[in-house]
file coords.cif (mmCIF, C-alpha atoms and all ligand atoms)
data_structure
loop_
_atom_site.group_PDB
_atom_site.id
_atom_site.type_symbol
_atom_site.label_atom_id
_atom_site.label_comp_id
_atom_site.auth_asym_id
_atom_site.auth_seq_id
_atom_site.Cartn_x
_atom_site.Cartn_y
_atom_site.Cartn_z
ATOM 1 C CA MET A 6 14.425 -6.903 -13.506
ATOM 2 C CA THR A 7 14.471 -6.548 -9.748
ATOM 3 C CA PHE A 8 12.938 -3.784 -7.686
ATOM 4 C CA THR A 9 11.524 -2.906 -4.282
ATOM 5 C CA LEU A 10 7.876 -1.967 -3.907
ATOM 6 C CA ALA A 11 6.524 -0.300 -0.751
ATOM 7 C CA ILE A 12 2.812 -0.574 0.044
ATOM 8 C CA ILE A 13 1.766 2.775 1.510
ATOM 9 C CA GLY A 14 -1.570 3.870 2.914
ATOM 10 C CA ARG A 15 -3.448 4.659 6.092
ATOM 11 C CA PRO A 16 -4.354 1.794 8.473
ATOM 12 C CA ASN A 17 -7.033 -0.708 7.530
ATOM 13 C CA VAL A 18 -7.051 -0.258 3.759
ATOM 14 C CA GLY A 19 -5.713 -3.798 3.210
ATOM 15 C CA LYS A 20 -1.945 -3.381 2.869
ATOM 16 C CA SER A 21 -1.017 -6.457 4.905
ATOM 17 C CA THR A 22 -3.647 -8.558 3.162
ATOM 18 C CA LEU A 23 -2.025 -7.773 -0.187
ATOM 19 C CA PHE A 24 1.455 -8.316 1.248
ATOM 20 C CA ASN A 25 0.495 -11.770 2.523
ATOM 21 C CA ARG A 26 -1.140 -12.670 -0.785
ATOM 22 C CA LEU A 27 1.896 -11.648 -2.858
ATOM 23 C CA VAL A 28 4.458 -13.183 -0.504
ATOM 24 C CA GLY A 29 2.379 -16.260 0.116
ATOM 25 C CA LYS A 30 3.336 -16.692 3.734
ATOM 26 C CA LYS A 31 3.660 -14.752 6.948
ATOM 27 C CA LEU A 32 7.116 -13.419 7.679
ATOM 28 C CA ALA A 33 9.090 -12.557 10.746
ATOM 29 C CA LEU A 34 9.125 -8.931 11.809
ATOM 30 C CA VAL A 35 11.932 -6.838 10.444
ATOM 31 C CA ASP A 36 13.498 -4.669 13.084
ATOM 32 C CA ASP A 37 16.313 -2.849 11.372
ATOM 33 C CA ARG A 38 15.494 0.612 12.684
ATOM 34 C CA PRO A 39 13.993 0.438 16.160
ATOM 35 C CA GLY A 40 11.381 3.066 16.789
ATOM 36 C CA VAL A 41 10.965 3.843 13.135
ATOM 37 C CA THR A 42 10.405 0.629 11.238
ATOM 38 C CA ARG A 43 9.679 -1.699 14.117
ATOM 39 C CA ASP A 44 6.599 -3.151 12.499
ATOM 40 C CA ARG A 45 7.844 -3.077 8.975
ATOM 41 C CA ARG A 46 7.879 -6.363 7.089
ATOM 42 C CA GLU A 47 9.813 -7.251 3.968
ATOM 43 C CA GLY A 48 9.238 -10.240 1.744
ATOM 44 C CA GLU A 49 9.912 -11.659 -1.682
ATOM 45 C CA ALA A 50 6.780 -11.192 -3.755
ATOM 46 C CA ARG A 51 5.617 -13.100 -6.823
ATOM 47 C CA LEU A 52 3.140 -11.708 -9.301
ATOM 48 C CA ALA A 53 2.981 -13.810 -12.467
ATOM 49 C CA ASP A 54 6.547 -13.690 -13.838
ATOM 50 C CA LEU A 55 7.587 -10.737 -11.658
ATOM 51 C CA ARG A 56 9.767 -11.257 -8.570
ATOM 52 C CA PHE A 57 10.347 -8.281 -6.323
ATOM 53 C CA THR A 58 10.938 -7.210 -2.756
ATOM 54 C CA ILE A 59 7.835 -5.868 -1.078
ATOM 55 C CA ILE A 60 7.635 -3.705 2.058
ATOM 56 C CA ASP A 61 4.599 -3.568 4.308
ATOM 57 C CA THR A 62 4.285 -0.912 6.983
ATOM 58 C CA ALA A 63 2.030 -1.322 10.000
ATOM 59 C CA GLY A 64 1.317 2.370 9.885
ATOM 60 C CA LEU A 65 1.211 2.815 13.644
ATOM 61 C CA GLU A 66 4.269 3.871 15.518
ATOM 62 C CA GLU A 67 3.753 4.242 19.242
ATOM 63 C CA GLY A 68 5.186 7.106 21.185
ATOM 64 C CA ALA A 69 6.404 9.285 18.353
ATOM 65 C CA SER A 70 3.414 11.579 18.244
ATOM 66 C CA ALA A 71 -0.163 11.830 19.433
ATOM 67 C CA THR A 72 -1.546 12.201 15.943
ATOM 68 C CA LEU A 73 -2.073 9.487 13.382
ATOM 69 C CA GLU A 74 -0.071 11.504 10.899
ATOM 70 C CA GLY A 75 2.849 11.870 13.287
ATOM 71 C CA ARG A 76 2.887 8.202 14.231
ATOM 72 C CA MET A 77 2.804 7.056 10.642
ATOM 73 C CA ARG A 78 4.981 9.625 9.038
ATOM 74 C CA ALA A 79 8.462 8.422 10.045
ATOM 75 C CA GLN A 80 7.726 4.816 9.177
ATOM 76 C CA THR A 81 6.058 5.712 5.908
ATOM 77 C CA GLU A 82 8.872 8.020 4.858
ATOM 78 C CA ALA A 83 11.479 5.338 5.633
ATOM 79 C CA ALA A 84 9.598 2.817 3.487
ATOM 80 C CA ILE A 85 9.191 5.296 0.628
ATOM 81 C CA GLU A 86 12.897 6.122 0.835
ATOM 82 C CA SER A 87 14.032 2.512 0.432
ATOM 83 C CA ALA A 88 11.606 1.673 -2.394
ATOM 84 C CA ASP A 89 11.970 1.972 -6.160
ATOM 85 C CA ALA A 90 8.217 2.247 -6.574
ATOM 86 C CA ILE A 91 5.177 2.827 -4.371
ATOM 87 C CA LEU A 92 1.872 1.027 -4.302
ATOM 88 C CA PHE A 93 -0.466 3.600 -2.768
ATOM 89 C CA MET A 94 -3.594 1.937 -1.432
ATOM 90 C CA ILE A 95 -6.987 3.324 -0.507
ATOM 91 C CA ASP A 96 -10.179 1.611 0.646
ATOM 92 C CA ALA A 97 -12.534 2.050 -2.311
ATOM 93 C CA ARG A 98 -15.544 1.336 -0.073
ATOM 94 C CA VAL A 99 -14.701 4.287 2.172
ATOM 95 C CA GLY A 100 -13.497 6.634 -0.562
ATOM 96 C CA VAL A 101 -10.774 9.261 -0.196
ATOM 97 C CA THR A 102 -10.273 10.442 3.400
ATOM 98 C CA PRO A 103 -8.155 13.335 4.781
ATOM 99 C CA ASP A 104 -5.575 10.740 5.930
ATOM 100 C CA ASP A 105 -5.395 9.327 2.405
ATOM 101 C CA LYS A 106 -4.716 12.837 1.097
ATOM 102 C CA TYR A 107 -2.014 13.397 3.700
ATOM 103 C CA PHE A 108 -0.119 10.238 2.741
ATOM 104 C CA ALA A 109 -0.714 10.810 -0.965
ATOM 105 C CA ASP A 110 1.077 14.154 -0.521
ATOM 106 C CA LEU A 111 4.072 12.417 1.092
ATOM 107 C CA VAL A 112 4.200 9.957 -1.789
ATOM 108 C CA ARG A 113 3.866 12.644 -4.435
ATOM 109 C CA ARG A 114 6.657 14.719 -2.894
ATOM 110 C CA ALA A 115 9.018 11.717 -2.958
ATOM 111 C CA GLY A 116 8.869 11.797 -6.753
ATOM 112 C CA LYS A 117 8.912 8.011 -7.152
ATOM 113 C CA LYS A 118 6.942 5.823 -9.483
ATOM 114 C CA VAL A 119 3.472 5.221 -8.068
ATOM 115 C CA VAL A 120 0.696 2.760 -8.734
ATOM 116 C CA LEU A 121 -2.633 3.702 -7.147
ATOM 117 C CA ALA A 122 -4.721 0.775 -5.926
ATOM 118 C CA ALA A 123 -8.382 1.063 -4.900
ATOM 119 C CA ASN A 124 -8.717 -1.988 -2.665
ATOM 120 C CA LYS A 125 -11.898 -3.713 -1.457
ATOM 121 C CA SER A 126 -13.285 -3.290 -4.980
ATOM 122 C CA GLU A 127 -14.972 -6.686 -5.173
ATOM 123 C CA GLY A 128 -18.674 -6.362 -5.918
ATOM 124 C CA LYS A 129 -20.041 -2.881 -6.601
ATOM 125 C CA LYS A 130 -19.406 -1.156 -3.284
ATOM 126 C CA GLY A 131 -16.091 0.321 -4.396
ATOM 127 C CA GLU A 132 -17.235 2.103 -7.544
ATOM 128 C CA ALA A 133 -17.737 5.582 -6.056
ATOM 129 C CA GLY A 134 -14.411 5.394 -4.207
ATOM 130 C CA LEU A 135 -12.659 4.260 -7.357
ATOM 131 C CA VAL A 136 -13.878 7.330 -9.249
ATOM 132 C CA GLU A 137 -13.111 9.606 -6.283
ATOM 133 C CA SER A 138 -9.520 8.352 -6.119
ATOM 134 C CA TYR A 139 -8.616 10.189 -9.351
ATOM 135 C CA GLU A 140 -8.573 13.368 -7.244
ATOM 136 C CA LEU A 141 -5.431 12.129 -5.458
ATOM 137 C CA GLY A 142 -3.486 12.972 -8.602
ATOM 138 C CA LEU A 143 -1.576 9.693 -8.561
ATOM 139 C CA GLY A 144 -2.802 8.452 -11.916
ATOM 140 C CA ASP A 145 -5.447 5.927 -12.893
ATOM 141 C CA PRO A 146 -6.531 3.669 -10.020
ATOM 142 C CA VAL A 147 -6.307 -0.106 -10.265
ATOM 143 C CA PRO A 148 -9.412 -1.717 -8.757
ATOM 144 C CA LEU A 149 -8.222 -4.480 -6.495
ATOM 145 C CA SER A 150 -9.508 -6.997 -4.001
ATOM 146 C CA ALA A 151 -6.551 -8.149 -1.954
ATOM 147 C CA GLU A 152 -8.809 -10.406 0.071
ATOM 148 C CA HIS A 153 -10.373 -12.157 -2.905
ATOM 149 C CA GLY A 154 -7.355 -11.998 -5.215
ATOM 150 C CA GLU A 155 -9.111 -9.891 -7.839
ATOM 151 C CA GLY A 156 -7.424 -7.258 -10.023
ATOM 152 C CA LEU A 157 -3.964 -8.829 -9.823
ATOM 153 C CA GLY A 158 -3.694 -8.915 -13.621
ATOM 154 C CA GLU A 159 -4.391 -5.192 -13.774
ATOM 155 C CA LEU A 160 -1.917 -4.611 -10.965
ATOM 156 C CA TYR A 161 0.702 -6.496 -12.964
ATOM 157 C CA ASP A 162 0.043 -4.346 -16.046
ATOM 158 C CA ALA A 163 0.162 -1.133 -13.987
ATOM 159 C CA LEU A 164 3.460 -2.125 -12.347
ATOM 160 C CA LEU A 165 5.079 -2.905 -15.693
ATOM 161 C CA GLU A 166 3.860 0.403 -17.061
ATOM 162 C CA ALA A 167 5.130 2.349 -14.034
ATOM 163 C CA LEU A 168 8.577 0.756 -13.821
HETATM 164 P P1 LIG B 201 -3.779 -2.674 6.708
HETATM 165 O O1 LIG B 201 -3.989 -2.027 8.043
HETATM 166 O O2 LIG B 201 -3.765 -1.647 5.618
HETATM 167 O O3 LIG B 201 -2.574 -3.582 6.673
HETATM 168 O O4 LIG B 201 -5.079 -3.573 6.421
HETATM 169 P P2 LIG B 201 -5.292 -5.155 6.630
HETATM 170 O O5 LIG B 201 -4.622 -5.930 5.554
HETATM 171 O O6 LIG B 201 -4.954 -5.496 8.027
HETATM 172 O O7 LIG B 201 -6.858 -5.259 6.383
HETATM 173 C C1 LIG B 201 -7.784 -4.486 7.130
HETATM 174 C C2 LIG B 201 -9.160 -5.112 7.027
HETATM 175 O O8 LIG B 201 -9.641 -5.033 5.692
HETATM 176 C C3 LIG B 201 -9.171 -6.598 7.383
HETATM 177 O O9 LIG B 201 -10.362 -6.878 8.086
HETATM 178 C C4 LIG B 201 -9.167 -7.281 6.036
HETATM 179 O O10 LIG B 201 -9.750 -8.565 6.084
HETATM 180 C C5 LIG B 201 -9.990 -6.315 5.210
HETATM 181 N N1 LIG B 201 -9.663 -6.399 3.769
HETATM 182 C C6 LIG B 201 -8.432 -6.430 3.202
HETATM 183 N N2 LIG B 201 -8.539 -6.531 1.865
HETATM 184 C C7 LIG B 201 -9.858 -6.549 1.588
HETATM 185 C C8 LIG B 201 -10.601 -6.628 0.352
HETATM 186 O O11 LIG B 201 -10.075 -6.731 -0.757
HETATM 187 N N3 LIG B 201 -11.960 -6.574 0.460
HETATM 188 C C9 LIG B 201 -12.590 -6.466 1.672
HETATM 189 N N4 LIG B 201 -13.920 -6.419 1.664
HETATM 190 N N5 LIG B 201 -11.920 -6.411 2.841
HETATM 191 C C10 LIG B 201 -10.569 -6.447 2.795
HETATM 192 MG MG MG B 202 -1.172 -3.937 8.143
#
call {"tool": "encode", "arguments": {"input": "coords.cif", "output": "structure tokens", "more": "lines below"}}
Ligand code: GDP
Ligand code: MG
result
Amino acid sequence: MTFTLAIIGRPNVGKSTLFNRLVGKKLALVDDRPGVTRDRREGEARLADLRFTIIDTAGLEEGASATLEGRMRAQTEAAIESADAILFMIDARVGVTPDDKYFADLVRRAGKKVVLAANKSEGKKGEAGLVESYELGLGDPVPLSAEHGEGLGELYDALLEAL
């Protein structure tokens, strides 16, 4: 089985941290669509016996629009378009923000398979955000700590279930 997974979410939730953990090394920038996906990175991810292509978006596109939504939208939509499945990430310590809801709507409208990850869930500080994340309507959240490598077994199970 081979597939492409795009990590989607507002800046600072931990997307690149998870990307680096699953790919295991830093990769050169991918620059296939200047102005749209300039900061997008692709790599070959390993998670137990799964091998898949993973896409990380920087989430900030200069010049396209003054708003966060406008700057992120084109890049996010391009990543969603080229993926078979989406890993939608929130920061469980912050909870669900208006930006999270905006990008969750984009993901939902794309009609692709989605796994919801509540990152920064190490310790107890993410519990309220984890519960709150059900309101995004993207299914049951997987508590994750990209930084500490926790929750990867649950992420594996959720991916297999979604695919
Ligand atoms: P991105 O903007 O979504 O790509 O987020 P980054 O991967 O750049 O991470 C943003 C910040 O969150 C950095 O300071 C990371 O070290 C931190 N971070 C990422 N994952 C975790 C995590 O699991 N737990 C905690 N506490 N911090 C994290
Ligand atoms: Mg990043």
call {"tool": "residues_near_ligand", "arguments": {"input": "coords.cif", "ligand": "ligand LIG 201 (chain B)", "cutoff": "6 Å", "atoms": "all atoms listed in the file", "output": "MDAnalysis selection string"}}
result
chainID A and resid 16:22 124:125 150:153
call {"tool": "write_last_selection", "arguments": {"input": "coords.cif", "atoms": "C-alpha atoms", "output": "PDB file, in the coordinates of the input"}}
result
ATOM      1  CA  PRO A  16      -4.354   1.794   8.473  1.00  0.00           C
ATOM      2  CA  ASN A  17      -7.033  -0.708   7.530  1.00  0.00           C
ATOM      3  CA  VAL A  18      -7.051  -0.258   3.759  1.00  0.00           C
ATOM      4  CA  GLY A  19      -5.713  -3.798   3.210  1.00  0.00           C
ATOM      5  CA  LYS A  20      -1.945  -3.381   2.869  1.00  0.00           C
ATOM      6  CA  SER A  21      -1.017  -6.457   4.905  1.00  0.00           C
ATOM      7  CA  THR A  22      -3.647  -8.558   3.162  1.00  0.00           C
ATOM      8  CA  ASN A 124      -8.717  -1.988  -2.665  1.00  0.00           C
ATOM      9  CA  LYS A 125     -11.898  -3.713  -1.457  1.00  0.00           C
ATOM     10  CA  SER A 150      -9.508  -6.997  -4.001  1.00  0.00           C
ATOM     11  CA  ALA A 151      -6.551  -8.149  -1.954  1.00  0.00           C
ATOM     12  CA  GLU A 152      -8.809 -10.406   0.071  1.00  0.00           C
ATOM     13  CA  HIS A 153     -10.373 -12.157  -2.905  1.00  0.00           C
TER      14      HIS A 153
END
call {"tool": "closest_residue", "arguments": {"input": "coords.cif", "among": "A:Phe8, A:Val120, A:Gly134, A:Leu141", "to": "Phe93 (chain A)", "atoms": "all atoms listed in the file"}}
result
A:Val120
call {"tool": "closest_residue", "arguments": {"input": "coords.cif", "among": "A:Arg114, A:Arg98, A:Arg26, A:Arg15", "to": "Ile85 (chain A)", "atoms": "all atoms listed in the file"}}
result
A:Arg114
call {"tool": "closest_residue", "arguments": {"input": "coords.cif", "among": "A:Phe24, A:Gly116, A:Ser126, A:Leu10", "to": "ligand MG 202 (chain B)", "atoms": "only C-alpha atoms and all ligand atoms"}}
result
A:Phe24
call {"tool": "closest_residue", "arguments": {"input": "coords.cif", "among": "A:Ser138, A:Thr102, A:Thr58, A:Asn25", "to": "ligand MG 202 (chain B)", "atoms": "all atoms listed in the file"}}
result
A:Asn25
call {"tool": "resolve_selection", "arguments": {"input": "coords.cif", "expression": "the PyMOL selection byres (((chain A and resi 62) around 8) and not hetatm)", "output": "NGL selection string"}}
result
:A and (12-13 or 20-21 or 42 or 44-46 or 60-61 or 63-64 or 80-81 or 84)
call {"tool": "closest_residue", "arguments": {"input": "coords.cif", "among": "A:Leu121, A:Ala115, A:Leu164, A:Leu55", "to": "Glu140 (chain A)", "atoms": "only C-alpha atoms"}}
result
A:Leu121
call {"tool": "closest_residue", "arguments": {"input": "coords.cif", "among": "A:Ala123, A:Leu143, A:Ala88, A:Val136", "to": "Lys106 (chain A)", "atoms": "all atoms listed in the file"}}
result
A:Leu143
call {"tool": "atom_distance", "arguments": {"input": "coords.cif", "atom1": "CA of Leu157 (chain A)", "atom2": "CA of Gly29 (chain A)"}}
result
13.9 Å
call {"tool": "atom_distance", "arguments": {"input": "coords.cif", "atom1": "CA of Asp105 (chain A)", "atom2": "CA of Asp162 (chain A)"}}
result
23.6 Å
call {"tool": "atom_distance", "arguments": {"input": "coords.cif", "atom1": "CA of Ala11 (chain A)", "atom2": "CA of Tyr161 (chain A)"}}
result
14.9 Å
call {"tool": "build_atoms", "arguments": {"input": "coords.cif", "residues": "region 72-104 of chain A", "atoms": "N, CA and C atoms", "output": "PDB file, keeping the file's coordinate frame"}}
result
ATOM      1  N   THR A  72      -0.661  12.231  17.102  1.00  0.00           N
ATOM      2  CA  THR A  72      -1.546  12.201  15.943  1.00  0.00           C
ATOM      3  C   THR A  72      -1.254  11.000  15.061  1.00  0.00           C
ATOM      4  N   LEU A  73      -2.261  10.582  14.336  1.00  0.00           N
ATOM      5  CA  LEU A  73      -2.073   9.487  13.382  1.00  0.00           C
ATOM      6  C   LEU A  73      -0.984   9.848  12.375  1.00  0.00           C
ATOM      7  N   GLU A  74      -1.053  11.083  11.899  1.00  0.00           N
ATOM      8  CA  GLU A  74      -0.071  11.504  10.899  1.00  0.00           C
ATOM      9  C   GLU A  74       1.347  11.406  11.449  1.00  0.00           C
ATOM     10  N   GLY A  75       1.519  11.878  12.689  1.00  0.00           N
ATOM     11  CA  GLY A  75       2.849  11.870  13.287  1.00  0.00           C
ATOM     12  C   GLY A  75       3.362  10.462  13.504  1.00  0.00           C
ATOM     13  N   ARG A  76       2.462   9.567  13.945  1.00  0.00           N
ATOM     14  CA  ARG A  76       2.887   8.202  14.231  1.00  0.00           C
ATOM     15  C   ARG A  76       3.255   7.457  12.955  1.00  0.00           C
ATOM     16  N   MET A  77       2.551   7.784  11.877  1.00  0.00           N
ATOM     17  CA  MET A  77       2.804   7.056  10.642  1.00  0.00           C
ATOM     18  C   MET A  77       3.919   7.645   9.813  1.00  0.00           C
ATOM     19  N   ARG A  78       4.156   8.913  10.005  1.00  0.00           N
ATOM     20  CA  ARG A  78       4.981   9.625   9.038  1.00  0.00           C
ATOM     21  C   ARG A  78       6.403   9.069   8.923  1.00  0.00           C
ATOM     22  N   ALA A  79       7.068   8.870  10.083  1.00  0.00           N
ATOM     23  CA  ALA A  79       8.462   8.422  10.045  1.00  0.00           C
ATOM     24  C   ALA A  79       8.575   7.052   9.371  1.00  0.00           C
ATOM     25  N   GLN A  80       7.683   6.163   9.740  1.00  0.00           N
ATOM     26  CA  GLN A  80       7.726   4.816   9.177  1.00  0.00           C
ATOM     27  C   GLN A  80       7.430   4.834   7.670  1.00  0.00           C
ATOM     28  N   THR A  81       6.438   5.627   7.317  1.00  0.00           N
ATOM     29  CA  THR A  81       6.058   5.712   5.908  1.00  0.00           C
ATOM     30  C   THR A  81       7.186   6.318   5.086  1.00  0.00           C
ATOM     31  N   GLU A  82       7.798   7.377   5.617  1.00  0.00           N
ATOM     32  CA  GLU A  82       8.872   8.020   4.858  1.00  0.00           C
ATOM     33  C   GLU A  82      10.072   7.093   4.695  1.00  0.00           C
ATOM     34  N   ALA A  83      10.366   6.288   5.737  1.00  0.00           N
ATOM     35  CA  ALA A  83      11.479   5.338   5.633  1.00  0.00           C
ATOM     36  C   ALA A  83      11.188   4.296   4.553  1.00  0.00           C
ATOM     37  N   ALA A  84       9.957   3.825   4.491  1.00  0.00           N
ATOM     38  CA  ALA A  84       9.598   2.817   3.487  1.00  0.00           C
ATOM     39  C   ALA A  84       9.654   3.407   2.080  1.00  0.00           C
ATOM     40  N   ILE A  85       9.154   4.636   1.941  1.00  0.00           N
ATOM     41  CA  ILE A  85       9.191   5.296   0.628  1.00  0.00           C
ATOM     42  C   ILE A  85      10.638   5.457   0.169  1.00  0.00           C
ATOM     43  N   GLU A  86      11.487   5.868   1.131  1.00  0.00           N
ATOM     44  CA  GLU A  86      12.897   6.122   0.835  1.00  0.00           C
ATOM     45  C   GLU A  86      13.591   4.879   0.268  1.00  0.00           C
ATOM     46  N   SER A  87      13.295   3.717   0.836  1.00  0.00           N
ATOM     47  CA  SER A  87      14.032   2.512   0.432  1.00  0.00           C
ATOM     48  C   SER A  87      13.385   1.793  -0.750  1.00  0.00           C
ATOM     49  N   ALA A  88      12.302   2.343  -1.295  1.00  0.00           N
ATOM     50  CA  ALA A  88      11.606   1.673  -2.394  1.00  0.00           C
ATOM     51  C   ALA A  88      11.939   2.292  -3.748  1.00  0.00           C
ATOM     52  N   ASP A  89      11.849   1.474  -4.786  1.00  0.00           N
ATOM     53  CA  ASP A  89      11.970   1.972  -6.160  1.00  0.00           C
ATOM     54  C   ASP A  89      10.624   2.477  -6.663  1.00  0.00           C
ATOM     55  N   ALA A  90       9.566   1.877  -6.151  1.00  0.00           N
ATOM     56  CA  ALA A  90       8.217   2.247  -6.574  1.00  0.00           C
ATOM     57  C   ALA A  90       7.268   2.083  -5.393  1.00  0.00           C
ATOM     58  N   ILE A  91       6.153   2.805  -5.454  1.00  0.00           N
ATOM     59  CA  ILE A  91       5.177   2.827  -4.371  1.00  0.00           C
ATOM     60  C   ILE A  91       3.852   2.263  -4.870  1.00  0.00           C
ATOM     61  N   LEU A  92       3.262   1.397  -4.083  1.00  0.00           N
ATOM     62  CA  LEU A  92       1.872   1.027  -4.302  1.00  0.00           C
ATOM     63  C   LEU A  92       1.054   1.776  -3.262  1.00  0.00           C
ATOM     64  N   PHE A  93       0.338   2.806  -3.708  1.00  0.00           N
ATOM     65  CA  PHE A  93      -0.466   3.600  -2.768  1.00  0.00           C
ATOM     66  C   PHE A  93      -1.875   3.032  -2.738  1.00  0.00           C
ATOM     67  N   MET A  94      -2.323   2.651  -1.542  1.00  0.00           N
ATOM     68  CA  MET A  94      -3.594   1.937  -1.432  1.00  0.00           C
ATOM     69  C   MET A  94      -4.636   2.750  -0.674  1.00  0.00           C
ATOM     70  N   ILE A  95      -5.836   2.767  -1.230  1.00  0.00           N
ATOM     71  CA  ILE A  95      -6.987   3.324  -0.507  1.00  0.00           C
ATOM     72  C   ILE A  95      -8.042   2.237  -0.371  1.00  0.00           C
ATOM     73  N   ASP A  96      -9.014   2.481   0.494  1.00  0.00           N
ATOM     74  CA  ASP A  96     -10.179   1.611   0.646  1.00  0.00           C
ATOM     75  C   ASP A  96     -11.279   2.195  -0.236  1.00  0.00           C
ATOM     76  N   ALA A  97     -11.564   1.519  -1.353  1.00  0.00           N
ATOM     77  CA  ALA A  97     -12.534   2.050  -2.311  1.00  0.00           C
ATOM     78  C   ALA A  97     -13.936   2.117  -1.717  1.00  0.00           C
ATOM     79  N   ARG A  98     -14.200   1.321  -0.672  1.00  0.00           N
ATOM     80  CA  ARG A  98     -15.544   1.336  -0.073  1.00  0.00           C
ATOM     81  C   ARG A  98     -15.746   2.558   0.812  1.00  0.00           C
ATOM     82  N   VAL A  99     -14.635   3.091   1.317  1.00  0.00           N
ATOM     83  CA  VAL A  99     -14.701   4.287   2.172  1.00  0.00           C
ATOM     84  C   VAL A  99     -14.554   5.546   1.320  1.00  0.00           C
ATOM     85  N   GLY A 100     -13.806   5.460   0.250  1.00  0.00           N
ATOM     86  CA  GLY A 100     -13.497   6.634  -0.562  1.00  0.00           C
ATOM     87  C   GLY A 100     -12.258   7.327  -0.035  1.00  0.00           C
ATOM     88  N   VAL A 101     -11.988   8.520  -0.547  1.00  0.00           N
ATOM     89  CA  VAL A 101     -10.774   9.261  -0.196  1.00  0.00           C
ATOM     90  C   VAL A 101     -11.004  10.027   1.107  1.00  0.00           C
ATOM     91  N   THR A 102     -10.161   9.766   2.105  1.00  0.00           N
ATOM     92  CA  THR A 102     -10.273  10.442   3.400  1.00  0.00           C
ATOM     93  C   THR A 102      -9.156  11.490   3.542  1.00  0.00           C
ATOM     94  N   PRO A 103      -9.250  12.384   4.534  1.00  0.00           N
ATOM     95  CA  PRO A 103      -8.155  13.335   4.781  1.00  0.00           C
ATOM     96  C   PRO A 103      -6.819  12.625   5.024  1.00  0.00           C
ATOM     97  N   ASP A 104      -6.827  11.483   5.714  1.00  0.00           N
ATOM     98  CA  ASP A 104      -5.575  10.740   5.930  1.00  0.00           C
ATOM     99  C   ASP A 104      -5.005  10.224   4.614  1.00  0.00           C
TER     100      ASP A 104
END
